[in-house]
$ cat query09.txt   # compact mmCIF, C-alpha atoms
# COMPACT_ATOMS: atom_id res chain seq x y z
CA MET A 1 93.53 118.82 56.70
CA GLU A 2 95.05 122.23 56.05
CA PRO A 3 93.65 124.23 53.11
CA ARG A 4 95.40 123.75 49.82
CA PRO A 5 97.77 126.53 48.69
CA ILE A 6 96.02 126.41 45.32
CA ALA A 7 93.36 129.04 44.72
CA PRO A 8 89.85 127.66 44.12
CA GLU A 9 89.65 129.10 40.61
CA THR A 10 92.99 127.54 39.73
CA TRP A 11 91.91 124.20 41.24
CA GLU A 12 88.80 124.14 39.04
CA LYS A 13 90.88 124.60 35.91
CA LEU A 14 93.10 121.57 36.65
CA PRO A 15 92.35 118.35 34.82
CA PRO A 16 90.61 115.64 36.91
CA GLU A 17 93.68 113.41 36.64
CA VAL A 18 95.89 116.12 38.19
CA GLN A 19 93.37 116.80 40.96
CA ALA A 20 93.22 113.07 41.80
CA TYR A 21 97.03 112.86 41.85
CA ILE A 22 97.26 115.88 44.20
CA LEU A 23 94.70 114.31 46.55
CA VAL A 24 96.70 111.08 46.62
CA LEU A 25 99.87 113.02 47.46
CA GLU A 26 98.09 114.93 50.22
CA ASN A 27 96.80 111.72 51.75
CA ALA A 28 100.26 110.12 51.58
CA LEU A 29 101.81 113.22 53.17
CA ARG A 30 99.26 113.22 55.98
CA GLN A 31 99.91 109.53 56.72
CA SER A 32 103.65 110.12 56.65
CA LEU A 33 103.40 113.01 59.12
CA GLU A 34 101.26 110.92 61.46
CA ARG A 35 103.75 108.06 61.22
CA ILE A 36 106.66 110.41 61.91
CA ALA A 37 104.86 111.76 64.99
CA GLN A 38 104.29 108.21 66.25
CA LEU A 39 107.92 107.27 65.68
CA GLU A 40 109.14 110.43 67.42
CA GLN A 41 106.98 109.61 70.43
CA LYS A 42 108.30 106.03 70.44
CA VAL A 43 111.90 107.26 70.23
CA ASN A 44 111.29 109.61 73.14
CA GLU A 45 109.84 106.77 75.20
CA LEU A 46 112.79 104.49 74.40
CA GLU A 47 115.31 107.22 75.22
CA ALA A 48 113.53 107.90 78.52
CA ARG A 49 113.63 104.19 79.32
CA LEU A 50 117.31 103.99 78.37
CA ASN A 51 118.14 106.98 80.58
CA ARG A 52 116.37 105.58 83.65
CA ASN A 53 118.54 105.74 86.78
CA SER A 54 118.20 106.31 90.50
CA ARG A 55 117.86 110.10 90.01
CA ASN A 56 114.76 110.00 87.81
CA SER A 57 113.02 106.75 88.84
CA SER A 58 112.63 104.27 91.68
CA GLN A 59 115.49 102.20 90.32
CA PRO A 60 118.11 101.51 93.04
CA PRO A 61 121.60 103.05 92.61
CA SER A 62 123.12 99.56 92.35
CA GLN A 63 121.41 99.16 88.95
CA ASP A 64 122.57 102.49 87.51
CA PRO A 65 124.42 102.17 84.17
CA PRO A 66 128.03 103.42 84.01
CA GLN A 67 127.00 106.55 82.12
CA ALA A 68 124.45 107.61 84.74
CA PRO A 69 125.28 110.95 86.42
CA LYS A 70 126.60 110.64 89.95
CA ASN A 71 125.42 112.63 92.93
CA ARG A 72 128.61 114.36 93.97
CA ARG A 73 128.70 116.73 96.90
CA GLU A 74 130.55 119.98 96.63
CA LYS A 75 133.85 119.98 98.49
CA SER A 76 133.75 122.01 101.68
CA GLY A 77 137.48 122.71 101.73
CA ARG A 78 137.89 121.28 105.24
CA GLN A 79 140.42 118.66 106.17
CA PRO A 80 139.09 115.15 106.80
CA GLY A 81 138.52 114.06 110.39
CA GLY A 82 137.61 116.02 113.48
CA GLN A 83 137.62 119.79 113.11
CA PRO A 84 139.25 122.25 115.54
CA GLY A 85 137.07 122.70 118.60
CA HIS A 86 135.31 119.38 118.10
CA GLN A 87 134.59 117.65 121.41
CA GLY A 88 135.94 114.12 121.15
CA LYS A 89 134.15 111.05 122.42
CA HIS A 90 135.84 108.46 124.63
CA ARG A 91 134.81 105.11 126.00
CA PRO A 92 133.37 105.56 129.51
CA LEU A 93 134.93 103.47 132.27
CA ALA A 94 132.85 100.64 133.65
CA PRO A 95 131.76 101.13 137.29
CA PRO A 96 133.67 99.15 139.94
CA GLU A 97 130.79 96.69 140.51
CA LYS A 98 131.04 95.58 136.87
CA VAL A 99 134.81 95.03 136.91
CA ASP A 100 135.64 91.32 137.09
CA LYS A 101 139.35 91.57 137.77
CA ILE A 102 141.72 94.28 139.01
CA VAL A 103 145.47 94.16 138.32
CA GLU A 104 147.68 96.78 140.01
CA HIS A 105 150.94 97.93 138.46
CA ARG A 106 153.15 99.87 140.91
CA ALA A 107 156.00 102.19 140.01
CA GLU A 108 159.27 100.94 141.58
CA ALA A 109 162.03 103.33 140.47
CA CYS A 110 162.24 106.92 139.26
CA PRO A 111 162.95 107.02 135.52
CA HIS A 112 165.22 110.08 135.97
CA CYS A 113 167.48 109.28 138.94
CA ARG A 114 166.77 105.55 139.34
CA SER A 115 165.93 106.04 143.06
CA LEU A 116 163.59 103.53 144.68
CA LEU A 117 160.10 104.87 145.19
CA LEU A 118 158.32 104.90 148.57
CA ALA A 119 154.68 103.93 149.02
CA GLY A 120 153.49 106.93 151.07
CA ALA A 121 156.36 108.94 152.47
CA GLY A 122 153.87 110.95 154.54
CA ARG A 123 152.41 112.64 151.47
CA PRO A 124 148.89 112.41 150.02
CA VAL A 125 148.75 109.48 147.63
CA ALA A 126 147.84 110.40 144.04
CA PRO A 127 144.82 108.47 142.68
CA PRO A 128 145.79 105.66 140.29
CA GLU A 129 145.16 106.02 136.59
CA ARG A 130 142.52 103.53 135.43
CA HIS A 131 142.83 101.63 132.16
CA GLN A 132 140.25 98.98 131.33
CA VAL A 133 140.55 96.19 128.77
CA TRP A 134 137.39 94.50 127.50
CA GLU A 135 137.64 90.89 126.38
CA LEU A 136 135.25 88.16 125.34
CA PRO A 137 135.32 84.81 127.15
CA GLU A 138 136.09 81.65 125.28
CA ILE A 139 132.89 80.06 124.01
CA HIS A 140 132.41 76.38 124.75
CA PRO A 141 129.07 74.79 123.89
CA VAL A 142 127.16 73.32 126.82
CA VAL A 143 125.74 69.95 125.81
CA THR A 144 122.97 68.63 128.05
CA GLU A 145 122.06 64.98 127.54
CA HIS A 146 118.56 63.94 128.54
CA ARG A 147 118.37 60.19 129.18
CA LEU A 148 114.96 58.57 129.05
CA VAL A 149 115.31 55.65 131.45
CA PRO A 150 112.47 53.11 130.94
CA GLY A 151 110.76 51.23 133.74
CA TRP A 152 109.19 47.74 133.76
CA CYS A 153 105.45 47.49 134.27
CA PRO A 154 104.68 44.17 136.04
CA HIS A 155 101.00 44.40 135.20
CA CYS A 156 101.31 45.13 131.43
CA ARG A 157 104.65 43.32 131.28
CA VAL A 158 106.20 46.00 128.99
CA TRP A 159 109.00 48.53 129.30
CA VAL A 160 107.58 52.07 129.67
CA LYS A 161 109.71 54.97 128.38
CA PRO A 162 109.18 58.40 129.99
CA GLU A 163 108.28 61.48 127.94
CA LEU A 164 110.57 64.45 127.62
CA PRO A 165 109.47 67.44 129.73
CA ALA A 166 107.58 70.08 127.76
CA LYS A 167 110.23 72.71 128.51
CA VAL A 168 112.92 70.54 126.88
CA GLY A 169 111.13 69.86 123.59
CA ARG A 170 112.39 67.74 120.71
CA SER A 171 114.78 70.29 119.23
CA ALA A 172 118.51 69.60 119.39
CA PHE A 173 119.21 73.28 120.10
CA GLY A 174 118.46 75.38 123.16
CA PRO A 175 116.69 78.75 123.32
CA ARG A 176 119.89 80.77 123.62
CA LEU A 177 121.35 79.19 120.49
CA GLN A 178 118.03 79.75 118.70
CA ALA A 179 118.14 83.43 119.72
CA TRP A 180 121.66 83.68 118.28
CA VAL A 181 120.47 82.31 114.95
CA ALA A 182 117.49 84.68 114.88
CA ILE A 183 119.61 87.75 115.67
CA LEU A 184 122.34 86.89 113.17
CA THR A 185 119.90 86.24 110.33
CA GLY A 186 117.36 88.95 111.17
CA ARG A 187 119.07 91.88 112.84
CA PHE A 188 122.51 91.47 111.25
CA ARG A 189 121.25 90.06 107.91
CA GLN A 190 123.74 87.21 107.63
CA SER A 191 123.01 84.44 105.16
CA ARG A 192 122.10 80.97 106.38
CA ARG A 193 125.43 79.61 105.23
CA GLN A 194 127.39 82.37 106.99
CA VAL A 195 125.49 81.77 110.23
CA GLY A 196 126.35 78.07 110.05
CA GLU A 197 130.03 78.83 109.49
CA LEU A 198 130.11 81.35 112.36
CA LEU A 199 128.53 78.90 114.82
CA GLN A 200 130.96 76.20 113.75
CA ASP A 201 134.13 78.33 113.83
CA LEU A 202 133.47 80.48 116.91
CA CYS A 203 131.14 78.36 119.03
CA GLY A 204 132.03 74.81 118.02
CA VAL A 205 128.37 74.00 117.17
CA SER A 206 127.51 72.25 113.92
CA VAL A 207 124.14 73.38 112.53
CA SER A 208 122.88 72.46 109.06
CA LEU A 209 121.23 74.93 106.68
CA GLY A 210 117.88 73.21 107.13
CA SER A 211 118.15 73.43 110.90
CA ILE A 212 118.99 77.14 110.70
CA GLN A 213 115.88 77.74 108.61
CA SER A 214 113.76 75.70 111.03
CA LEU A 215 115.06 77.76 113.95
CA CYS A 216 114.14 80.97 112.11
CA GLU A 217 110.61 79.68 111.48
CA GLU A 218 110.21 78.62 115.12
CA THR A 219 111.30 82.09 116.21
CA SER A 220 108.72 83.68 113.93
CA GLU A 221 105.99 81.52 115.46
CA ALA A 222 107.17 82.42 118.96
CA LEU A 223 106.92 86.13 118.11
CA ALA A 224 103.34 85.92 116.84
CA VAL A 225 101.86 87.70 119.87
CA PRO A 226 104.38 90.61 119.95
CA TYR A 227 103.91 90.97 116.19
CA TRP A 228 100.15 91.28 116.63
CA GLU A 229 100.68 93.89 119.36
CA ALA A 230 102.97 95.85 117.02
CA GLN A 231 100.29 95.78 114.31
CA GLU A 232 97.77 97.11 116.82
CA ALA A 233 100.19 99.94 117.64
CA VAL A 234 100.38 100.84 113.93
CA ALA A 235 96.57 100.94 113.68
CA ARG A 236 96.44 103.39 116.61
CA ALA A 237 99.36 105.57 115.48
CA ASP A 238 98.92 109.26 114.67
CA LEU A 239 101.45 109.01 111.81
CA ALA A 240 102.67 106.01 109.81
CA HIS A 241 105.23 105.82 107.00
CA LEU A 242 104.41 103.03 104.51
CA ASP A 243 106.16 101.53 101.52
CA GLU A 244 106.32 98.23 99.64
CA THR A 245 108.75 96.32 97.44
CA GLY A 246 108.86 93.08 95.50
CA TRP A 247 109.50 89.86 97.42
CA LYS A 248 109.87 86.27 96.24
CA GLU A 249 108.37 83.51 98.37
CA LYS A 250 109.10 79.94 97.19
CA GLY A 251 109.71 81.19 93.67
CA LYS A 252 106.44 83.17 93.47
CA ARG A 253 106.05 86.94 93.36
CA HIS A 254 104.96 88.51 96.62
CA TRP A 255 105.21 91.96 98.16
CA LEU A 256 106.94 93.10 101.32
CA TRP A 257 105.09 95.91 103.09
CA VAL A 258 106.50 98.04 105.90
CA ALA A 259 104.85 100.46 108.32
CA VAL A 260 107.06 102.73 110.44
CA THR A 261 105.75 104.73 113.38
CA GLY A 262 107.47 106.52 116.24
CA ALA A 263 107.33 103.36 118.35
CA VAL A 264 107.39 100.28 116.07
CA THR A 265 108.34 99.03 112.61
CA VAL A 266 106.15 96.26 111.19
CA PHE A 267 106.82 94.14 108.08
CA LEU A 268 104.22 92.10 106.22
CA VAL A 269 104.77 89.64 103.36
CA SER A 270 101.65 89.43 101.21
CA GLY A 271 100.68 87.99 97.86
CA SER A 272 98.86 91.24 97.09
CA ARG A 273 99.99 94.77 96.43
CA GLY A 274 96.47 96.11 96.69
CA ARG A 275 94.04 97.41 99.23
CA GLN A 276 93.58 94.08 101.01
CA ALA A 277 97.24 93.89 102.09
CA LEU A 278 97.20 97.55 103.16
CA MET A 279 94.14 97.00 105.34
CA GLU A 280 95.80 93.96 106.90
CA LEU A 281 98.82 96.07 107.82
CA ILE A 282 97.22 99.25 109.18
CA GLY A 283 93.66 98.08 109.90
CA GLU A 284 90.33 99.35 108.60
CA ALA A 285 89.97 101.95 111.37
CA PHE A 286 93.31 103.72 110.81
CA ALA A 287 92.71 107.40 111.53
CA GLY A 288 96.24 108.85 111.49
CA ILE A 289 98.32 110.54 108.80
CA LEU A 290 99.54 108.13 106.11
CA HIS A 291 102.92 108.99 104.55
CA SER A 292 103.57 107.13 101.28
CA ASP A 293 104.21 107.38 97.56
CA ARG A 294 101.41 107.68 94.97
CA TRP A 295 100.65 103.96 94.59
CA GLY A 296 96.92 103.49 93.97
CA ALA A 297 96.32 101.21 96.97
CA TYR A 298 96.95 104.14 99.34
CA ASN A 299 93.95 105.99 97.89
CA MET A 300 91.77 104.13 100.39
CA VAL A 301 92.95 106.74 102.93
CA ASP A 302 91.40 110.19 102.57
CA ARG A 303 93.76 112.58 100.79
CA PHE A 304 93.38 115.09 103.65
CA ARG A 305 95.06 112.51 105.92
CA ARG A 306 97.95 111.73 103.59
CA GLN A 307 101.40 113.11 102.81
CA VAL A 308 102.91 112.31 99.41
CA CYS A 309 106.67 111.75 99.35
CA TRP A 310 108.49 114.68 97.75
CA ALA A 311 111.62 112.62 97.11
CA HIS A 312 109.53 110.55 94.66
CA LEU A 313 108.11 113.72 93.11
CA LYS A 314 111.60 115.11 92.63
CA ARG A 315 112.56 112.00 90.66
CA ASP A 316 109.36 112.27 88.61
CA PHE A 317 110.07 115.91 87.71
CA GLN A 318 113.67 114.98 86.91
CA ALA A 319 112.44 112.32 84.48
CA LEU A 320 110.11 114.82 82.79
CA SER A 321 112.87 117.42 82.47
CA GLU A 322 115.00 114.93 80.51
CA ARG A 323 112.29 114.21 77.92
CA GLN A 324 112.78 115.90 74.55
CA THR A 325 109.11 116.90 74.40
CA ARG A 326 106.82 119.52 75.88
CA ALA A 327 107.27 117.74 79.19
CA GLY A 328 110.81 119.15 79.50
CA PRO A 329 109.81 122.67 80.65
CA VAL A 330 107.19 121.20 83.00
CA GLY A 331 109.80 118.98 84.66
CA ALA A 332 112.33 121.82 84.91
CA TRP A 333 109.72 124.05 86.55
CA GLY A 334 108.81 121.28 88.97
CA LEU A 335 112.46 120.81 89.93
CA ARG A 336 112.78 124.51 90.74
CA GLU A 337 109.74 124.44 93.00
CA THR A 338 111.00 121.25 94.66
CA LYS A 339 114.35 122.92 95.35
CA TRP A 340 112.59 125.88 96.97
CA LEU A 341 110.40 123.57 99.05
CA PHE A 342 113.32 121.57 100.42
CA ALA A 343 115.34 124.73 101.09
CA ILE A 344 112.51 126.13 103.24
CA TRP A 345 112.09 122.80 105.05
CA HIS A 346 115.82 122.54 105.81
CA HIS A 347 115.86 126.09 107.16
CA TYR A 348 113.08 125.10 109.54
CA GLN A 349 114.88 121.89 110.52
CA ASP A 350 118.08 123.85 111.24
CA GLY A 351 116.19 126.28 113.47
CA LYS A 352 116.74 129.28 111.16
CA ILE A 353 112.99 129.96 110.82
CA THR A 354 109.98 129.19 112.97
CA TRP A 355 107.01 126.98 112.14
CA ALA A 356 104.87 130.00 111.26
CA GLU A 357 107.62 131.45 109.05
CA MET A 358 108.00 128.14 107.24
CA ARG A 359 104.28 128.04 106.45
CA TRP A 360 104.36 131.65 105.25
CA GLU A 361 107.32 131.04 102.92
CA LEU A 362 105.58 127.99 101.44
CA VAL A 363 102.56 130.05 100.32
CA PRO A 364 104.13 131.31 97.04
CA VAL A 365 105.58 127.86 96.39
CA ARG A 366 102.12 126.36 96.75
CA SER A 367 100.65 128.98 94.41
CA ARG A 368 103.28 128.43 91.70
CA LEU A 369 102.96 124.67 92.05
CA GLY A 370 99.21 124.83 91.43
CA LYS A 371 99.80 126.93 88.31
CA LEU A 372 102.41 124.42 87.11
CA LEU A 373 100.11 121.42 87.56
CA ARG A 374 97.20 123.09 85.78
CA ARG A 375 99.42 124.01 82.85
CA GLY A 376 101.12 120.61 82.73
CA ALA A 377 97.77 118.80 82.72
CA SER A 378 97.23 120.02 79.14
CA CYS A 379 100.81 120.35 77.85
CA GLY A 380 100.42 117.67 75.17
CA ASP A 381 102.84 115.08 76.62
CA PRO A 382 101.02 111.98 77.98
CA LYS A 383 103.54 111.37 80.78
CA ALA A 384 103.48 114.94 82.03
CA GLU A 385 99.71 115.20 81.76
CA ALA A 386 99.18 111.98 83.73
CA LEU A 387 101.53 113.12 86.51
CA CYS A 388 100.02 116.59 86.81
CA ARG A 389 96.44 115.34 86.80
CA ASN A 390 97.28 112.78 89.47
CA LEU A 391 98.91 115.44 91.66
CA LEU A 392 95.89 117.71 91.23
CA LYS A 393 93.71 114.90 92.57
CA LEU A 394 96.09 114.50 95.52
CA TRP A 395 96.48 118.26 96.01
CA PRO A 396 95.69 118.32 99.79
CA ALA A 397 98.30 115.58 100.36
CA LEU A 398 101.20 117.55 98.89
CA LEU A 399 101.76 119.97 101.78
CA THR A 400 100.34 118.18 104.81
CA PHE A 401 103.74 118.60 106.51
CA ALA A 402 103.13 122.38 106.53
CA PHE A 403 99.89 122.00 108.50
CA VAL A 404 100.44 118.99 110.80
CA PRO A 405 103.44 119.06 113.18
CA GLY A 406 105.58 115.92 113.07
CA VAL A 407 104.94 115.17 109.40
CA GLU A 408 107.92 115.26 107.02
CA PRO A 409 108.00 115.98 103.27
CA THR A 410 109.80 112.71 102.46
CA ASN A 411 109.10 109.06 103.17
CA ASN A 412 112.72 108.25 104.00
CA ARG A 413 111.82 106.41 107.21
CA ALA A 414 109.96 103.68 105.35
CA GLU A 415 112.55 103.46 102.59
CA ARG A 416 115.39 103.10 105.11
CA ALA A 417 113.47 100.32 106.85
CA LEU A 418 112.99 98.48 103.54
CA ARG A 419 116.67 98.76 102.66
CA GLY A 420 117.68 96.30 105.38
CA ALA A 421 114.88 93.94 104.42
CA VAL A 422 116.00 93.93 100.78
CA LEU A 423 119.53 92.97 101.85
CA TRP A 424 118.02 90.26 104.04
CA ARG A 425 116.00 88.99 101.08
CA LYS A 426 119.17 88.55 99.03
CA GLY A 427 120.82 86.47 101.75
CA CYS A 428 117.94 84.24 102.88
CA PHE A 429 117.53 82.12 99.70
CA GLY A 430 114.00 83.49 99.21
CA ASN A 431 112.63 82.01 102.45

$ encode --input "query09.txt" --output "structure tokens"
Amino acid sequence: MEPRPIAPETWEKLPPEVQAYILVLENALRQSLERIAQLEQKVNELEARLNRNSRNSSQPPSQDPPQAPKNRREKSGRQPGGQPGHQGKHRPLAPPEKVDKIVEHRAEACPHCRSLLLAGAGRPVAPPERHQVWELPEIHPVVTEHRLVPGWCPHCRVWVKPELPAKVGRSAFGPRLQAWVAILTGRFRQSRRQVGELLQDLCGVSVSLGSIQSLCEETSEALAVPYWEAQEAVARADLAHLDETGWKEKGKRHWLWVAVTGAVTVFLVSGSRGRQALMELIGEAFAGILHSDRWGAYNMVDRFRRQVCWAHLKRDFQALSERQTRAGPVGAWGLRETKWLFAIWHHYQDGKITWAEMRWELVPVRSRLGKLLRRGASCGDPKAEALCRNLLKLWPALLTFAFVPGVEPTNNRAERALRGAVLWRKGCFGN
């Protein structure tokens, strides 16, 4: 408690009743100030939660409120479409061996004088102009009926029915139709109902929703071996981008993990968001560079073999800069350093500077960033302090891209891979 503004000799002269009353007032004032500080902190937290959007959190843009600021690009002043000097792209002609039908159209009369045209007239014949039209054939389902003709056993005196061959199976749908269903639902992310309507309208095949789901499950089982091989490729990769998102399985909360390498992309649905699921995806002996966000499960990988996503850090600094506390200057400083970092990286990507020059230009950014984190770790705002302390623990993982060729500052590869899976999740009824 701060010293009283009353001199000691004056305090001694006051009656005991007055001294007791002053002490009560001081205690009430102290409690009121503490309560005001608590309420101010609560208001700041509620305002930060109310102002959450895709720019300052992991919230997707589709959930942004109407008042959220939009990311608008500056107008370049150019006209829309191809610019002068742009080399256009045209459909290449199919080679003659892939042409199914040739139709010749011959000129018969001159459009100017109406004279009949001669085929050769002793002159070199100009090559014909080729114009190709691509068309799809009409689709008619091929229905194969397998008849199981029984035979009479004179010894057992019973009719014996033959078994279907193993390659035929008991399914009412062939492998090509099953592949169609798998591609439409998986690669093109169509809902089960839309796939059923497409097969009915375009192919004349009636398939129920339950049958479509069964075909998808059979395809997953058939791909078990290639999936295992893809997981093995992730475990041996030199660099892997990882991310995870929520996933509902039969009404229960699960997590969808993704690992993206230069060769494969592997998804894993798990009931855990922890270390066990991560080990199942990348293996215990993973020795490459792990690119991810700051989720705690990734701490199982040594920080010297990690790269933290700077797109996430940019959103974190943006959220701090919008807080009406001591975290505001920390977030603004972090945004400035992030802008410098991305500017240097883009110059390197565009070929304006070399690898060595990029590393040299990042040295002052690294120095200022360390000063920022040390200052923010004791700024007095719990959010800013927690972020800065966490980044200090992950310090070697902040600039791995400046020391290991092939590593990027953002985890966009994994996030782009998850985007399609999230759309698939919304159209598959949670299966």

$ closest_residue --input "query09.txt" --among "A:Thr410, A:Arg157, A:His146, A:Gly186" --to "Arg170 in chain A" --atoms "only C-alpha atoms"
A:His146

$ closest_residue --input "query09.txt" --among "A:Trp333, A:Trp180, A:Trp360, A:Trp355" --to "Cys203 in chain A" --atoms "only C-alpha atoms"
A:Trp180

$ atom_distance --input "query09.txt" --atom1 "CA of Val195 in chain A" --atom2 "CA of Leu209 in chain A"
8.8 Å

$ atom_distance --input "query09.txt" --atom1 "CA of Lys75 in chain A" --atom2 "CA of Pro409 in chain A"
26.6 Å

$ residues_around --input "query09.txt" --residues "Gly380 in chain A" --least-positions-apart "3" --cutoff "12 Å" --atoms "all atoms listed in the file" --output "list in words"
Gln41, Thr325, Arg326, Ala327, Gly328, Pro329, Val330, Arg375, Gly376, Ala377, Lys383, Ala384, Glu385, Ala386 and Cys388 of chain A

$ decode --input "query09.txt" --residues "range 241-254 of chain A" --atoms "N, CA and C atoms" --output "mmCIF file, in the first residue's frame"
data_model
loop_
_atom_site.group_PDB
_atom_site.id
_atom_site.type_symbol
_atom_site.label_atom_id
_atom_site.label_comp_id
_atom_site.auth_asym_id
_atom_site.auth_seq_id
_atom_site.Cartn_x
_atom_site.Cartn_y
_atom_site.Cartn_z
ATOM 1 N N HIS A 241 5.494 -31.153 -44.174
ATOM 2 C CA HIS A 241 4.583 -30.129 -43.667
ATOM 3 C C HIS A 241 3.412 -30.834 -42.989
ATOM 4 N N LEU A 242 3.124 -30.477 -41.734
ATOM 5 C CA LEU A 242 2.051 -31.143 -40.987
ATOM 6 C C LEU A 242 1.063 -30.124 -40.449
ATOM 7 N N ASP A 243 -0.186 -30.566 -40.362
ATOM 8 C CA ASP A 243 -1.236 -29.740 -39.772
ATOM 9 C C ASP A 243 -2.370 -30.655 -39.358
ATOM 10 N N GLU A 244 -3.311 -30.147 -38.590
ATOM 11 C CA GLU A 244 -4.445 -30.948 -38.123
ATOM 12 C C GLU A 244 -5.659 -30.051 -37.972
ATOM 13 N N THR A 245 -6.835 -30.661 -38.056
ATOM 14 C CA THR A 245 -8.091 -29.927 -37.897
ATOM 15 C C THR A 245 -9.129 -30.862 -37.316
ATOM 16 N N GLY A 246 -10.199 -30.288 -36.778
ATOM 17 C CA GLY A 246 -11.254 -31.098 -36.186
ATOM 18 C C GLY A 246 -11.984 -31.946 -37.218
ATOM 19 N N TRP A 247 -12.478 -33.097 -36.780
ATOM 20 C CA TRP A 247 -13.128 -34.044 -37.694
ATOM 21 C C TRP A 247 -14.137 -34.866 -36.896
ATOM 22 N N LYS A 248 -15.357 -34.940 -37.358
ATOM 23 C CA LYS A 248 -16.373 -35.731 -36.678
ATOM 24 C C LYS A 248 -16.499 -37.101 -37.328
ATOM 25 N N GLU A 249 -16.488 -38.120 -36.499
ATOM 26 C CA GLU A 249 -16.615 -39.505 -36.967
ATOM 27 C C GLU A 249 -17.744 -40.151 -36.177
ATOM 28 N N LYS A 250 -18.884 -40.407 -36.846
ATOM 29 C CA LYS A 250 -20.056 -40.997 -36.199
ATOM 30 C C LYS A 250 -20.510 -40.171 -34.995
ATOM 31 N N GLY A 251 -20.484 -38.852 -35.163
ATOM 32 C CA GLY A 251 -20.953 -37.959 -34.121
ATOM 33 C C GLY A 251 -19.959 -37.666 -33.029
ATOM 34 N N LYS A 252 -18.757 -38.265 -33.059
ATOM 35 C CA LYS A 252 -17.751 -38.062 -32.025
ATOM 36 C C LYS A 252 -16.602 -37.216 -32.575
ATOM 37 N N ARG A 253 -15.968 -36.469 -31.685
ATOM 38 C CA ARG A 253 -14.889 -35.575 -32.086
ATOM 39 C C ARG A 253 -13.617 -36.362 -32.367
ATOM 40 N N HIS A 254 -13.099 -36.182 -33.562
ATOM 41 C CA HIS A 254 -11.821 -36.751 -33.952
ATOM 42 C C HIS A 254 -10.962 -35.641 -34.532
#
